[in-house]
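*Asks:* For reference, the file entry_14.cif (mmCIF, C-alpha atoms and all ligand atoms) is included below:
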data_target
#
loop_
_atom_site.group_PDB
_atom_site.id
_atom_site.type_symbol
_atom_site.label_atom_id
_atom_site.label_comp_id
_atom_site.auth_asym_id
_atom_site.auth_seq_id
_atom_site.Cartn_x
_atom_site.Cartn_y
_atom_site.Cartn_z
ATOM 1 C CA MET T 1 0.000 0.000 0.000
ATOM 2 C CA GLU T 2 1.245 3.419 -0.987
ATOM 3 C CA LEU T 3 1.333 6.042 1.773
ATOM 4 C CA THR T 4 1.860 9.285 -0.077
ATOM 5 C CA ASN T 5 -1.195 11.558 0.023
ATOM 6 C CA THR T 6 -2.765 9.538 2.836
ATOM 7 C CA THR T 7 -3.219 9.981 6.550
ATOM 8 C CA ALA T 8 -2.235 7.488 9.206
ATOM 9 C CA ILE T 9 -3.449 7.572 12.804
ATOM 10 C CA VAL T 10 -1.077 6.344 15.495
ATOM 11 C CA THR T 11 -2.626 6.030 18.948
ATOM 12 C CA GLY T 12 -0.043 6.207 21.686
ATOM 13 C CA GLY T 13 2.025 7.967 19.050
ATOM 14 C CA ALA T 14 3.660 10.383 21.470
ATOM 15 C CA SER T 15 5.990 7.815 23.003
ATOM 16 C CA GLY T 16 7.871 4.567 22.558
ATOM 17 C CA ILE T 17 6.788 2.191 19.810
ATOM 18 C CA GLY T 18 4.027 4.534 18.648
ATOM 19 C CA ALA T 19 6.428 7.456 18.250
ATOM 20 C CA ALA T 20 8.884 5.341 16.259
ATOM 21 C CA SER T 21 6.008 4.103 14.094
ATOM 22 C CA ALA T 22 4.820 7.664 13.497
ATOM 23 C CA ARG T 23 8.306 8.646 12.315
ATOM 24 C CA ALA T 24 8.511 5.614 10.019
ATOM 25 C CA LEU T 25 5.091 6.232 8.451
ATOM 26 C CA ALA T 26 5.879 9.921 7.951
ATOM 27 C CA ALA T 27 9.160 9.004 6.267
ATOM 28 C CA LYS T 28 7.128 6.971 3.742
ATOM 29 C CA GLY T 29 4.975 9.965 2.899
ATOM 30 C CA ALA T 30 1.923 9.676 5.159
ATOM 31 C CA THR T 31 0.587 12.623 7.104
ATOM 32 C CA VAL T 32 0.576 11.146 10.584
ATOM 33 C CA LEU T 33 -2.050 12.084 13.127
ATOM 34 C CA ILE T 34 -0.536 11.419 16.519
ATOM 35 C CA ALA T 35 -3.406 10.621 18.873
ATOM 36 C CA ASP T 36 -2.312 10.467 22.476
ATOM 37 C CA LEU T 37 -3.083 11.658 25.999
ATOM 38 C CA ASN T 38 0.311 13.303 26.238
ATOM 39 C CA ALA T 39 0.024 16.709 24.540
ATOM 40 C CA GLU T 40 3.550 17.890 25.281
ATOM 41 C CA LEU T 41 5.327 14.947 23.654
ATOM 42 C CA GLY T 42 2.673 14.591 20.959
ATOM 43 C CA GLU T 43 2.873 18.214 19.822
ATOM 44 C CA ALA T 44 6.655 18.082 19.718
ATOM 45 C CA LEU T 45 6.706 14.946 17.582
ATOM 46 C CA ALA T 46 3.976 16.262 15.287
ATOM 47 C CA SER T 47 6.034 19.340 14.481
ATOM 48 C CA GLU T 48 9.170 17.206 13.981
ATOM 49 C CA ILE T 49 7.494 14.988 11.362
ATOM 50 C CA ASN T 50 5.134 17.561 9.818
ATOM 51 C CA GLY T 51 2.219 15.693 11.267
ATOM 52 C CA VAL T 52 -0.787 16.615 13.370
ATOM 53 C CA PHE T 53 -1.392 16.082 17.059
ATOM 54 C CA ALA T 54 -4.818 15.368 18.540
ATOM 55 C CA GLN T 55 -5.288 14.835 22.239
ATOM 56 C CA LEU T 56 -7.140 11.561 22.570
ATOM 57 C CA ASP T 57 -8.135 9.221 25.338
ATOM 58 C CA VAL T 58 -8.946 5.956 23.569
ATOM 59 C CA THR T 59 -11.528 5.173 26.251
ATOM 60 C CA LYS T 60 -13.613 8.166 25.099
ATOM 61 C CA THR T 61 -15.625 7.119 22.087
ATOM 62 C CA GLU T 62 -16.695 10.649 21.044
ATOM 63 C CA GLN T 63 -13.060 11.733 20.981
ATOM 64 C CA ILE T 64 -12.257 8.824 18.663
ATOM 65 C CA THR T 65 -15.013 9.945 16.305
ATOM 66 C CA GLU T 66 -13.482 13.429 16.140
ATOM 67 C CA VAL T 67 -9.999 12.048 15.527
ATOM 68 C CA VAL T 68 -10.952 9.725 12.673
ATOM 69 C CA GLU T 69 -12.983 12.473 11.011
ATOM 70 C CA GLN T 70 -10.126 14.937 11.445
ATOM 71 C CA ALA T 71 -7.706 12.472 9.842
ATOM 72 C CA ALA T 72 -10.009 11.850 6.882
ATOM 73 C CA SER T 73 -10.451 15.589 6.346
ATOM 74 C CA ILE T 74 -6.703 15.946 5.674
ATOM 75 C CA ALA T 75 -6.372 13.086 3.156
ATOM 76 C CA PRO T 76 -7.803 9.568 2.840
ATOM 77 C CA LEU T 77 -7.239 7.667 6.089
ATOM 78 C CA ARG T 78 -5.481 4.477 5.051
ATOM 79 C CA ALA T 79 -3.520 3.366 8.109
ATOM 80 C CA LEU T 80 -4.278 2.935 11.795
ATOM 81 C CA VAL T 81 -1.666 1.829 14.317
ATOM 82 C CA ASN T 82 -3.068 1.038 17.743
ATOM 83 C CA SER T 83 -0.150 1.533 20.091
ATOM 84 C CA ALA T 84 -1.816 3.207 23.101
ATOM 85 C CA GLY T 85 -1.481 0.848 26.004
ATOM 86 C CA ILE T 86 -0.986 0.585 29.738
ATOM 87 C CA ALA T 87 0.201 -2.175 32.033
ATOM 88 C CA ASN T 88 0.136 -3.064 35.691
ATOM 89 C CA GLY T 89 1.690 -5.758 37.812
ATOM 90 C CA ILE T 90 -0.834 -7.209 40.275
ATOM 91 C CA ARG T 91 -1.496 -10.826 41.270
ATOM 92 C CA THR T 92 -4.977 -12.342 41.024
ATOM 93 C CA ILE T 93 -5.259 -12.972 44.753
ATOM 94 C CA GLY T 94 -3.592 -11.507 47.830
ATOM 95 C CA ARG T 95 -1.527 -13.434 50.359
ATOM 96 C CA ASP T 96 -3.851 -13.182 53.353
ATOM 97 C CA GLY T 97 -6.864 -15.195 52.198
ATOM 98 C CA GLN T 98 -9.073 -12.105 52.213
ATOM 99 C CA ILE T 99 -11.277 -11.328 49.219
ATOM 100 C CA ALA T 100 -10.583 -7.660 49.852
ATOM 101 C CA SER T 101 -6.968 -8.363 48.918
ATOM 102 C CA ALA T 102 -7.793 -9.887 45.529
ATOM 103 C CA PHE T 103 -6.908 -8.005 42.332
ATOM 104 C CA PRO T 104 -8.776 -4.649 42.530
ATOM 105 C CA LEU T 105 -11.409 -4.809 39.795
ATOM 106 C CA ALA T 106 -11.041 -1.111 38.968
ATOM 107 C CA LYS T 107 -7.375 -1.697 38.083
ATOM 108 C CA PHE T 108 -8.334 -4.656 35.930
ATOM 109 C CA THR T 109 -11.009 -2.617 34.175
ATOM 110 C CA ALA T 110 -8.577 0.238 33.524
ATOM 111 C CA VAL T 111 -6.220 -2.000 31.553
ATOM 112 C CA ILE T 112 -9.050 -3.660 29.624
ATOM 113 C CA SER T 113 -10.625 -0.274 28.834
ATOM 114 C CA VAL T 114 -7.490 1.181 27.267
ATOM 115 C CA ASN T 115 -5.813 -1.854 25.700
ATOM 116 C CA LEU T 116 -8.778 -3.896 24.558
ATOM 117 C CA ILE T 117 -11.908 -1.774 24.308
ATOM 118 C CA GLY T 118 -9.947 1.295 23.190
ATOM 119 C CA THR T 119 -8.308 -0.735 20.436
ATOM 120 C CA PHE T 120 -11.640 -2.098 19.238
ATOM 121 C CA ASP T 121 -13.335 1.291 19.317
ATOM 122 C CA MET T 122 -10.496 2.762 17.253
ATOM 123 C CA ILE T 123 -10.811 -0.068 14.745
ATOM 124 C CA ARG T 124 -14.588 0.043 14.340
ATOM 125 C CA GLN T 125 -14.603 3.803 13.802
ATOM 126 C CA ALA T 126 -11.427 4.128 11.708
ATOM 127 C CA ALA T 127 -12.403 1.163 9.521
ATOM 128 C CA THR T 128 -15.797 2.745 8.892
ATOM 129 C CA VAL T 129 -14.057 5.861 7.582
ATOM 130 C CA MET T 130 -11.540 3.755 5.590
ATOM 131 C CA SER T 131 -14.404 1.841 3.965
ATOM 132 C CA ARG T 132 -15.359 5.076 2.159
ATOM 133 C CA ASN T 133 -11.918 5.310 0.467
ATOM 134 C CA GLU T 134 -11.451 4.694 -3.219
ATOM 135 C CA PRO T 135 -9.811 1.267 -3.564
ATOM 136 C CA ASP T 136 -6.171 1.246 -4.698
ATOM 137 C CA ALA T 137 -4.882 -0.919 -7.558
ATOM 138 C CA ASN T 138 -5.076 -4.007 -5.304
ATOM 139 C CA GLY T 139 -8.600 -3.211 -4.135
ATOM 140 C CA GLY T 140 -7.203 -2.083 -0.787
ATOM 141 C CA ARG T 141 -8.739 0.696 1.271
ATOM 142 C CA GLY T 142 -6.639 0.545 4.414
ATOM 143 C CA ALA T 143 -4.454 -1.354 6.845
ATOM 144 C CA ILE T 144 -4.609 -1.684 10.617
ATOM 145 C CA VAL T 145 -1.805 -2.763 12.932
ATOM 146 C CA ASN T 146 -2.422 -3.538 16.597
ATOM 147 C CA MET T 147 0.126 -3.771 19.359
ATOM 148 C CA ALA T 148 -0.465 -6.863 21.487
ATOM 149 C CA SER T 149 2.393 -8.374 23.497
ATOM 150 C CA VAL T 150 4.182 -11.655 24.009
ATOM 151 C CA ALA T 151 2.251 -11.560 27.305
ATOM 152 C CA ALA T 152 -0.729 -12.649 25.205
ATOM 153 C CA PHE T 153 0.993 -16.057 25.047
ATOM 154 C CA ASP T 154 3.370 -16.270 27.998
ATOM 155 C CA GLY T 155 2.132 -13.739 30.513
ATOM 156 C CA GLN T 156 4.014 -13.590 33.757
ATOM 157 C CA ILE T 157 2.953 -13.623 37.370
ATOM 158 C CA GLY T 158 1.196 -10.313 37.931
ATOM 159 C CA GLN T 159 0.429 -9.760 34.231
ATOM 160 C CA VAL T 160 -3.062 -11.201 34.270
ATOM 161 C CA ALA T 161 -4.953 -8.012 33.364
ATOM 162 C CA TYR T 162 -2.431 -7.172 30.665
ATOM 163 C CA SER T 163 -2.557 -10.719 29.257
ATOM 164 C CA PHE T 164 -6.359 -10.662 29.234
ATOM 165 C CA SER T 165 -6.223 -7.471 27.172
ATOM 166 C CA LYS T 166 -3.484 -8.516 24.780
ATOM 167 C CA GLY T 167 -4.805 -12.063 24.360
ATOM 168 C CA GLY T 168 -8.082 -10.487 23.347
ATOM 169 C CA ILE T 169 -6.377 -8.511 20.603
ATOM 170 C CA VAL T 170 -4.618 -11.635 19.300
ATOM 171 C CA GLY T 171 -7.866 -13.611 19.338
ATOM 172 C CA ALA T 172 -9.730 -10.862 17.518
ATOM 173 C CA THR T 173 -7.179 -10.372 14.735
ATOM 174 C CA LEU T 174 -8.616 -13.081 12.460
ATOM 175 C CA PRO T 175 -12.303 -12.212 12.904
ATOM 176 C CA LEU T 176 -11.495 -8.525 12.434
ATOM 177 C CA ALA T 177 -9.615 -9.294 9.211
ATOM 178 C CA ARG T 178 -12.536 -11.426 8.083
ATOM 179 C CA ASP T 179 -15.098 -8.729 8.932
ATOM 180 C CA LEU T 180 -13.125 -6.061 7.105
ATOM 181 C CA SER T 181 -12.000 -8.112 4.092
ATOM 182 C CA SER T 182 -14.986 -7.117 1.978
ATOM 183 C CA ALA T 183 -14.020 -3.480 2.530
ATOM 184 C CA GLY T 184 -10.425 -4.149 1.430
ATOM 185 C CA ILE T 185 -8.984 -3.451 4.879
ATOM 186 C CA ARG T 186 -6.203 -5.647 6.268
ATOM 187 C CA VAL T 187 -5.650 -6.269 9.991
ATOM 188 C CA ASN T 188 -2.437 -7.536 11.576
ATOM 189 C CA THR T 189 -1.087 -7.618 15.110
ATOM 190 C CA ILE T 190 2.419 -7.391 16.509
ATOM 191 C CA ALA T 191 3.352 -9.094 19.750
ATOM 192 C CA PRO T 192 6.417 -7.183 20.976
ATOM 193 C CA GLY T 193 8.810 -8.740 23.430
ATOM 194 C CA LEU T 194 10.683 -6.483 25.805
ATOM 195 C CA ILE T 195 11.127 -3.096 24.153
ATOM 196 C CA ASP T 196 12.983 -0.248 25.800
ATOM 197 C CA THR T 197 10.304 2.430 26.178
ATOM 198 C CA PRO T 198 8.843 4.525 29.002
ATOM 199 C CA ILE T 199 6.003 2.008 29.540
ATOM 200 C CA TYR T 200 7.952 0.408 32.374
ATOM 201 C CA ASN T 201 8.185 3.707 34.247
ATOM 202 C CA SER T 202 4.937 2.898 36.059
ATOM 203 C CA PHE T 203 6.544 -0.141 37.693
ATOM 204 C CA PRO T 204 8.127 0.159 41.144
ATOM 205 C CA ASP T 205 11.718 -0.440 39.954
ATOM 206 C CA PRO T 206 11.676 -0.213 36.150
ATOM 207 C CA ASP T 207 15.409 -0.686 35.593
ATOM 208 C CA ALA T 208 15.548 -3.840 37.696
ATOM 209 C CA PHE T 209 12.401 -5.157 36.006
ATOM 210 C CA LYS T 210 13.814 -4.551 32.519
ATOM 211 C CA ALA T 211 17.201 -6.011 33.422
ATOM 212 C CA GLN T 212 15.572 -9.153 34.780
ATOM 213 C CA LEU T 213 13.438 -9.673 31.676
ATOM 214 C CA GLY T 214 16.269 -8.753 29.316
ATOM 215 C CA SER T 215 18.284 -11.701 30.594
ATOM 216 C CA SER T 216 15.631 -14.047 29.157
ATOM 217 C CA VAL T 217 16.015 -12.828 25.574
ATOM 218 C CA LEU T 218 17.381 -15.577 23.333
ATOM 219 C CA PHE T 219 19.397 -13.434 20.929
ATOM 220 C CA PRO T 220 20.347 -10.633 20.822
ATOM 221 C CA LYS T 221 20.483 -10.507 24.637
ATOM 222 C CA ARG T 222 19.120 -7.032 25.036
ATOM 223 C CA LEU T 223 15.893 -5.088 24.991
ATOM 224 C CA GLY T 224 14.440 -4.328 21.590
ATOM 225 C CA THR T 225 14.394 -0.775 20.266
ATOM 226 C CA PRO T 226 11.249 1.110 19.225
ATOM 227 C CA ASP T 227 12.719 1.371 15.701
ATOM 228 C CA GLU T 228 12.883 -2.418 15.419
ATOM 229 C CA LEU T 229 9.157 -2.497 16.103
ATOM 230 C CA ALA T 230 8.404 0.401 13.768
ATOM 231 C CA SER T 231 10.096 -1.519 10.965
ATOM 232 C CA MET T 232 7.532 -4.306 11.389
ATOM 233 C CA VAL T 233 4.671 -1.824 11.618
ATOM 234 C CA LEU T 234 5.717 -0.359 8.290
ATOM 235 C CA GLU T 235 5.951 -3.789 6.677
ATOM 236 C CA LEU T 236 2.481 -4.765 7.885
ATOM 237 C CA VAL T 237 0.980 -1.490 6.684
ATOM 238 C CA THR T 238 2.590 -1.524 3.241
ATOM 239 C CA ASN T 239 2.793 -5.235 2.338
ATOM 240 C CA ASP T 240 -0.530 -5.999 0.668
ATOM 241 C CA TYR T 241 -0.216 -9.735 1.226
ATOM 242 C CA MET T 242 0.052 -9.514 5.022
ATOM 243 C CA ASN T 243 -3.313 -10.083 6.648
ATOM 244 C CA ALA T 244 -4.906 -11.657 9.720
ATOM 245 C CA GLU T 245 -1.547 -12.477 11.304
ATOM 246 C CA THR T 246 0.059 -11.958 14.696
ATOM 247 C CA ILE T 247 3.849 -11.650 14.584
ATOM 248 C CA ARG T 248 6.152 -11.799 17.584
ATOM 249 C CA VAL T 249 9.011 -9.283 17.426
ATOM 250 C CA ASP T 250 10.880 -10.369 20.497
ATOM 251 C CA GLY T 251 14.444 -11.642 19.950
ATOM 252 C CA GLY T 252 13.094 -15.141 20.616
ATOM 253 C CA ILE T 253 12.128 -14.429 24.220
ATOM 254 C CA ARG T 254 9.738 -16.768 26.000
ATOM 255 C CA LEU T 255 8.789 -15.058 29.216
ATOM 256 C CA PRO T 256 9.480 -17.079 32.353
ATOM 257 C CA PRO T 257 6.808 -17.160 35.101
ATOM 258 C CA LYS T 258 8.498 -14.210 36.800
HETATM 259 P P1 LIG T 301 4.767 3.994 26.059
HETATM 260 O O1 LIG T 301 4.306 4.110 27.482
HETATM 261 O O2 LIG T 301 6.105 4.475 25.677
HETATM 262 O O3 LIG T 301 3.706 4.678 25.090
HETATM 263 C C1 LIG T 301 2.338 4.455 25.250
HETATM 264 C C2 LIG T 301 1.614 5.725 24.855
HETATM 265 O O4 LIG T 301 0.219 5.461 24.993
HETATM 266 C C3 LIG T 301 1.940 6.933 25.752
HETATM 267 O O5 LIG T 301 2.327 8.041 24.962
HETATM 268 C C4 LIG T 301 0.630 7.193 26.484
HETATM 269 O O6 LIG T 301 0.394 8.563 26.726
HETATM 270 C C5 LIG T 301 -0.380 6.615 25.511
HETATM 271 N N1 LIG T 301 -1.635 6.265 26.166
HETATM 272 C C6 LIG T 301 -1.809 5.591 27.315
HETATM 273 N N2 LIG T 301 -3.106 5.522 27.612
HETATM 274 C C7 LIG T 301 -3.763 6.147 26.615
HETATM 275 C C8 LIG T 301 -5.116 6.424 26.358
HETATM 276 N N3 LIG T 301 -6.083 6.044 27.213
HETATM 277 N N4 LIG T 301 -5.437 7.089 25.238
HETATM 278 C C9 LIG T 301 -4.474 7.511 24.387
HETATM 279 N N5 LIG T 301 -3.176 7.311 24.581
HETATM 280 C C10 LIG T 301 -2.822 6.636 25.690
HETATM 281 O O7 LIG T 301 4.587 2.436 25.708
HETATM 282 P P2 LIG T 301 5.208 1.523 24.546
HETATM 283 O O8 LIG T 301 6.192 0.643 25.198
HETATM 284 O O9 LIG T 301 5.577 2.300 23.374
HETATM 285 O O10 LIG T 301 3.946 0.629 24.249
HETATM 286 C C11 LIG T 301 3.205 0.718 23.067
HETATM 287 C C12 LIG T 301 2.337 -0.517 22.950
HETATM 288 O O11 LIG T 301 3.159 -1.680 22.858
HETATM 289 C C13 LIG T 301 1.419 -0.728 24.154
HETATM 290 O O12 LIG T 301 0.167 -1.191 23.704
HETATM 291 C C14 LIG T 301 2.125 -1.809 24.942
HETATM 292 O O13 LIG T 301 1.234 -2.566 25.713
HETATM 293 C C15 LIG T 301 2.764 -2.612 23.826
HETATM 294 N N6 LIG T 301 3.897 -3.383 24.257
HETATM 295 C C16 LIG T 301 5.030 -2.785 24.744
HETATM 296 C C17 LIG T 301 6.077 -3.575 25.171
HETATM 297 C C18 LIG T 301 7.349 -3.000 25.699
HETATM 298 O O14 LIG T 301 8.196 -3.796 26.148
HETATM 299 N N7 LIG T 301 7.557 -1.702 25.685
HETATM 300 C C19 LIG T 301 6.007 -5.041 25.141
HETATM 301 C C20 LIG T 301 4.801 -5.536 24.613
HETATM 302 C C21 LIG T 301 3.794 -4.745 24.190
#
Could you render the structure from this file as structure tokens?

*Replies:*
Amino acid sequence: MELTNTTAIVTGGASGIGAASARALAAKGATVLIADLNAELGEALASEINGVFAQLDVTKTEQITEVVEQAASIAPLRALVNSAGIANGIRTIGRDGQIASAFPLAKFTAVISVNLIGTFDMIRQAATVMSRNEPDANGGRGAIVNMASVAAFDGQIGQVAYSFSKGGIVGATLPLARDLSSAGIRVNTIAPGLIDTPIYNSFPDPDAFKAQLGSSVLFPKRLGTPDELASMVLELVTNDYMNAETIRVDGGIRLPPK
């Protein structure tokens, strides 16, 4: 798929994997609409790549409507990258046998709302707008890339909410691709391994956490870079024969229980 004279929305585009993806899509000619909670980083990146920033909370459906319409008003919306995501580290039950100590439901719901429901709401609204595009030479009208996680397959102790959310994205990739095939819209998902981004800043000791997980990478024995993920995003957006697939980009890591 050709990206010149198109728009691409990147949720979570102000930071980490989303920011690297926004740069990569812009370098291929798309006008990138960076849709993120973080206005400071988002505005700065938008001006760097000649893109547009829109403040968006993916849990707010009316805001999503505005963002997809804004993108389509610039040029045909042909790409959506769902990179907005949050994580927490909480076990399912506490240690004292008290139900009050079990995983706080509000914290579970928060992760599901952003990672899973936010991703679906972006897809249903962006794909609706994409379905109005003129088909390209291959009959294509758009491409969607979701960010799941290797935690969809080998989630660790404390990752249950995150794994619920990311497993949902993996499970939905095929039915989404099937639903959207008649509109000429492809859907693929990336399952990143351990990528060096600010997402781990919400953990109690992010450096120790990253160092511990990094030691489990098969080869190369290091964290991945956002650019290594953006490279796969670009491939999945532009390669017309990629559809309905989930690809691990993880240096061969299989997460241990903890
Ligand atoms: P990051 O924390 O660097 O960037 C995430 C961005 O999402 C931030 O700019 C944040 O403001 C935005 N965001 C959070 N909640 C939002 C909301 N409700 N609405 C709009 N924007 C929101 O994280 P990173 O590492 O770049 O993660 C990107 C995606 O990749 C996430 O979905 C994450 O779960 C996934 N992932 C990351 C891995 C890693 O090791 N960094 C591993 C596996 C998956």

*Asks:* In Å, with one decimal, what is the gap from CA of Asp205 (chain T) to CA of Asn88 (chain T)?

*Replies:* 12.6 Å

*Asks:* When you count only C-alpha atoms, which of these residues is closest to Leu3 (chain T): T:Leu33, T:Ala79, T:Ala71, T:Val111?

*Replies:*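 The answer is T:Ala79, which sits nearest to Leu3 (chain T).
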
*Asks:* Between CA of Glu43 (chain T) and CA of Asn115 (chain T), what distance in Å does the model show, to one decimal?

*Replies:*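 Between CA of Glu43 (chain T) and CA of Asn115 (chain T) the gap works out to 22.6 Å.
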
*Asks:* I'd like the residues picked by the PyMOL selection byres (((chain T and resi 215) around 12) and not hetatm) written out as a compact mmCIF listing (two decimals) with C-alpha atoms, in the coordinates of the input, using the chain letters and numbers from the file.

*Replies:*
# COMPACT_ATOMS: atom_id res chain seq x y z
CA LEU T 194 10.68 -6.48 25.80
CA ALA T 208 15.55 -3.84 37.70
CA PHE T 209 12.40 -5.16 36.01
CA LYS T 210 13.81 -4.55 32.52
CA ALA T 211 17.20 -6.01 33.42
CA GLN T 212 15.57 -9.15 34.78
CA LEU T 213 13.44 -9.67 31.68
CA GLY T 214 16.27 -8.75 29.32
CA SER T 216 15.63 -14.05 29.16
CA VAL T 217 16.02 -12.83 25.57
CA LEU T 218 17.38 -15.58 23.33
CA PHE T 219 19.40 -13.43 20.93
CA PRO T 220 20.35 -10.63 20.82
CA LYS T 221 20.48 -10.51 24.64
CA ARG T 222 19.12 -7.03 25.04
CA LEU T 223 15.89 -5.09 24.99
CA GLY T 251 14.44 -11.64 19.95
CA GLY T 252 13.09 -15.14 20.62
CA ILE T 253 12.13 -14.43 24.22
CA ARG T 254 9.74 -16.77 26.00
CA LEU T 255 8.79 -15.06 29.22
CA PRO T 256 9.48 -17.08 32.35
CA LYS T 258 8.50 -14.21 36.80

*Asks:* Mind pulling up the distance from CA of Ile86 (chain T) to atom C7 of ligand LIG 301 (chain T)?

*Replies:*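 Taking atom C7 of ligand LIG 301 (chain T) as the start and CA of Ile86 (chain T) as the end point, the length is 7.0 Å.
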
*Asks:* Have a look at T:Ala151, T:Ala8, T:Met122, T:Ala20 and name the one nearest to Thr225 (chain T); count only C-alpha atoms.

*Replies:* T:Ala20

*Asks:* Pull the neighbourhood of (5.8, 16.4, 17.2) for me: all residues within 8 Å in file coordinates, counting only C-alpha atoms, as a list of chain:residue names.

*Replies:* T:Ala14, T:Leu41, T:Gly42, T:Glu43, T:Ala44, T:Leu45, T:Ala46, T:Ser47, T:Glu48, T:Ile49, T:Asn50, T:Gly51, T:Val52, T:Phe53

*Asks:* Could you dump the residues just selected with C-alpha atoms as a PDB file, in the coordinates of the input?

*Replies:*
ATOM      1  CA  ALA T  14       3.660  10.383  21.470  1.00  0.00           C
ATOM      2  CA  LEU T  41       5.327  14.947  23.654  1.00  0.00           C
ATOM      3  CA  GLY T  42       2.673  14.591  20.959  1.00  0.00           C
ATOM      4  CA  GLU T  43       2.873  18.214  19.822  1.00  0.00           C
ATOM      5  CA  ALA T  44       6.655  18.082  19.718  1.00  0.00           C
ATOM      6  CA  LEU T  45       6.706  14.946  17.582  1.00  0.00           C
ATOM      7  CA  ALA T  46       3.976  16.262  15.287  1.00  0.00           C
ATOM      8  CA  SER T  47       6.034  19.340  14.481  1.00  0.00           C
ATOM      9  CA  GLU T  48       9.170  17.206  13.981  1.00  0.00           C
ATOM     10  CA  ILE T  49       7.494  14.988  11.362  1.00  0.00           C
ATOM     11  CA  ASN T  50       5.134  17.561   9.818  1.00  0.00           C
ATOM     12  CA  GLY T  51       2.219  15.693  11.267  1.00  0.00           C
ATOM     13  CA  VAL T  52      -0.787  16.615  13.370  1.00  0.00           C
ATOM     14  CA  PHE T  53      -1.392  16.082  17.059  1.00  0.00           C
TER      15      PHE T  53
END

*Asks:* What are the closest atom pairs, with distances in Å to one decimal, for all residues of chain T lying within 6 Å of ligand LIG 301 (chain T)? Consider all atoms listed in the file, order rows by chain and residue number, and present the result as a tab-separated table.

*Replies:*
residue	atom	partner	partner_atom	distance
T:Thr11	CA	T:LIG301	N5	5.8
T:Gly12	CA	T:LIG301	O4	3.4
T:Gly13	CA	T:LIG301	O5	5.9
T:Ala14	CA	T:LIG301	O5	4.4
T:Ser15	CA	T:LIG301	O5	4.2
T:Gly16	CA	T:LIG301	O9	3.3
T:Ile17	CA	T:LIG301	O9	3.8
T:Gly18	CA	T:LIG301	O9	5.5
T:Asp36	CA	T:LIG301	N5	3.9
T:Leu37	CA	T:LIG301	N5	4.6
T:Asn38	CA	T:LIG301	O6	4.8
T:Leu56	CA	T:LIG301	C9	5.2
T:Asp57	CA	T:LIG301	N4	3.4
T:Val58	CA	T:LIG301	N4	4.0
T:Thr59	CA	T:LIG301	N3	5.6
T:Ser83	CA	T:LIG301	C12	4.3
T:Ala84	CA	T:LIG301	O4	3.6
T:Gly85	CA	T:LIG301	O12	3.5
T:Ile86	CA	T:LIG301	O13	5.6
T:Val114	CA	T:LIG301	N3	5.1
T:Met147	CA	T:LIG301	O12	5.1
T:Ala148	CA	T:LIG301	C21	5.5
T:Ser149	CA	T:LIG301	C20	3.9
T:Pro192	CA	T:LIG301	C20	4.3
T:Gly193	CA	T:LIG301	C19	4.9
T:Leu194	CA	T:LIG301	O14	3.7
T:Ile195	CA	T:LIG301	O14	3.6
T:Asp196	CA	T:LIG301	N7	5.6
T:Thr197	CA	T:LIG301	O8	4.6
T:Pro198	CA	T:LIG301	O2	4.3
T:Ile199	CA	T:LIG301	O1	3.4

*Asks:* Find the residues around region 92-95 of chain T up to 9 Å (all atoms listed in the file counted), leave out those fewer than 2 positions away in its own chain, and share them as a ChimeraX atom specification.

*Replies:* /T:90,97-104,157-158,160-161

*Asks:* For the interface of region 29-142 of chain T with region 175-186 of chain T (cut-off 9 Å, counting only C-alpha atoms), please tabulate each contacting residue of region 29-142 of chain T alongside its nearest pair of atoms and their separation in Å to one decimal, rows sorted by chain and increasing number, as a Markdown table.

*Replies:*
| residue | atom | partner | partner_atom | distance |
| --- | --- | --- | --- | --- |
| T:Arg78 | CA | T:Ile185 | CA | 8.7 |
| T:Ile123 | CA | T:Leu176 | CA | 8.8 |
| T:Ala127 | CA | T:Ile185 | CA | 7.4 |
| T:Met130 | CA | T:Ile185 | CA | 7.7 |
| T:Ser131 | CA | T:Ala183 | CA | 5.5 |
| T:Arg132 | CA | T:Ala183 | CA | 8.7 |
| T:Pro135 | CA | T:Gly184 | CA | 7.4 |
| T:Asn138 | CA | T:Gly184 | CA | 8.6 |
| T:Gly139 | CA | T:Gly184 | CA | 5.9 |
| T:Gly140 | CA | T:Gly184 | CA | 4.4 |
| T:Arg141 | CA | T:Gly184 | CA | 5.1 |
| T:Gly142 | CA | T:Ile185 | CA | 4.7 |

*Asks:* What would the selection look like, as a list in words, if the PyMOL selection byres (((chain T and resi 233) around 8) and not hetatm) were run on the coordinates I just shared?

*Replies:* Ser21, Val81, Val145, Ile190, Leu229, Ala230, Ser231, Met232, Leu234, Glu235, Leu236 and Val237 of chain T

*Asks:* Box in all listed atoms of region 22-27 of chain T, axis-aligned, with 6 Å more on each side; write out centre and edge lengths in Å to one decimal as AutoDock Vina command-line options.

*Replies:*
--center_x 7.0 --center_y 7.8 --center_z 9.9 --size_x 16.3 --size_y 16.3 --size_z 19.2

*Asks:* Out of T:Ser73, T:Glu245, T:Gly89, T:Gly224, which residue has the shortest atom-to-atom distance to Gln156 (chain T) when counting all atoms listed in the file?

*Replies:*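 Of the candidates, the smallest distance to Gln156 (chain T) is held by T:Gly89.
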
*Asks:* With all atoms listed in the file as the atoms that count, which of T:Ala75, T:Ala110, T:Val187, T:Ile169 lies nearest to Glu134 (chain T)?

*Replies:*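 Closest residue, counting all atoms listed in the file: T:Ala75.
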
*Asks:* Which residue out of T:Thr65, T:Phe164, T:Arg124, T:Ile247 has the minimum interatomic distance to Phe108 (chain T) when all atoms listed in the file are used?

*Replies:*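 Of T:Thr65, T:Phe164, T:Arg124, T:Ile247, the one nearest Phe108 (chain T) is T:Phe164, counting all atoms listed in the file.
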
*Asks:* Which of these, T:Asn243, T:Gln159, T:Asn133, T:Thr31, has the shortest distance to Leu174 (chain T) once you count all atoms listed in the file?

*Replies:*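 The shortest atom-to-atom distance to Leu174 (chain T) comes from T:Asn243.
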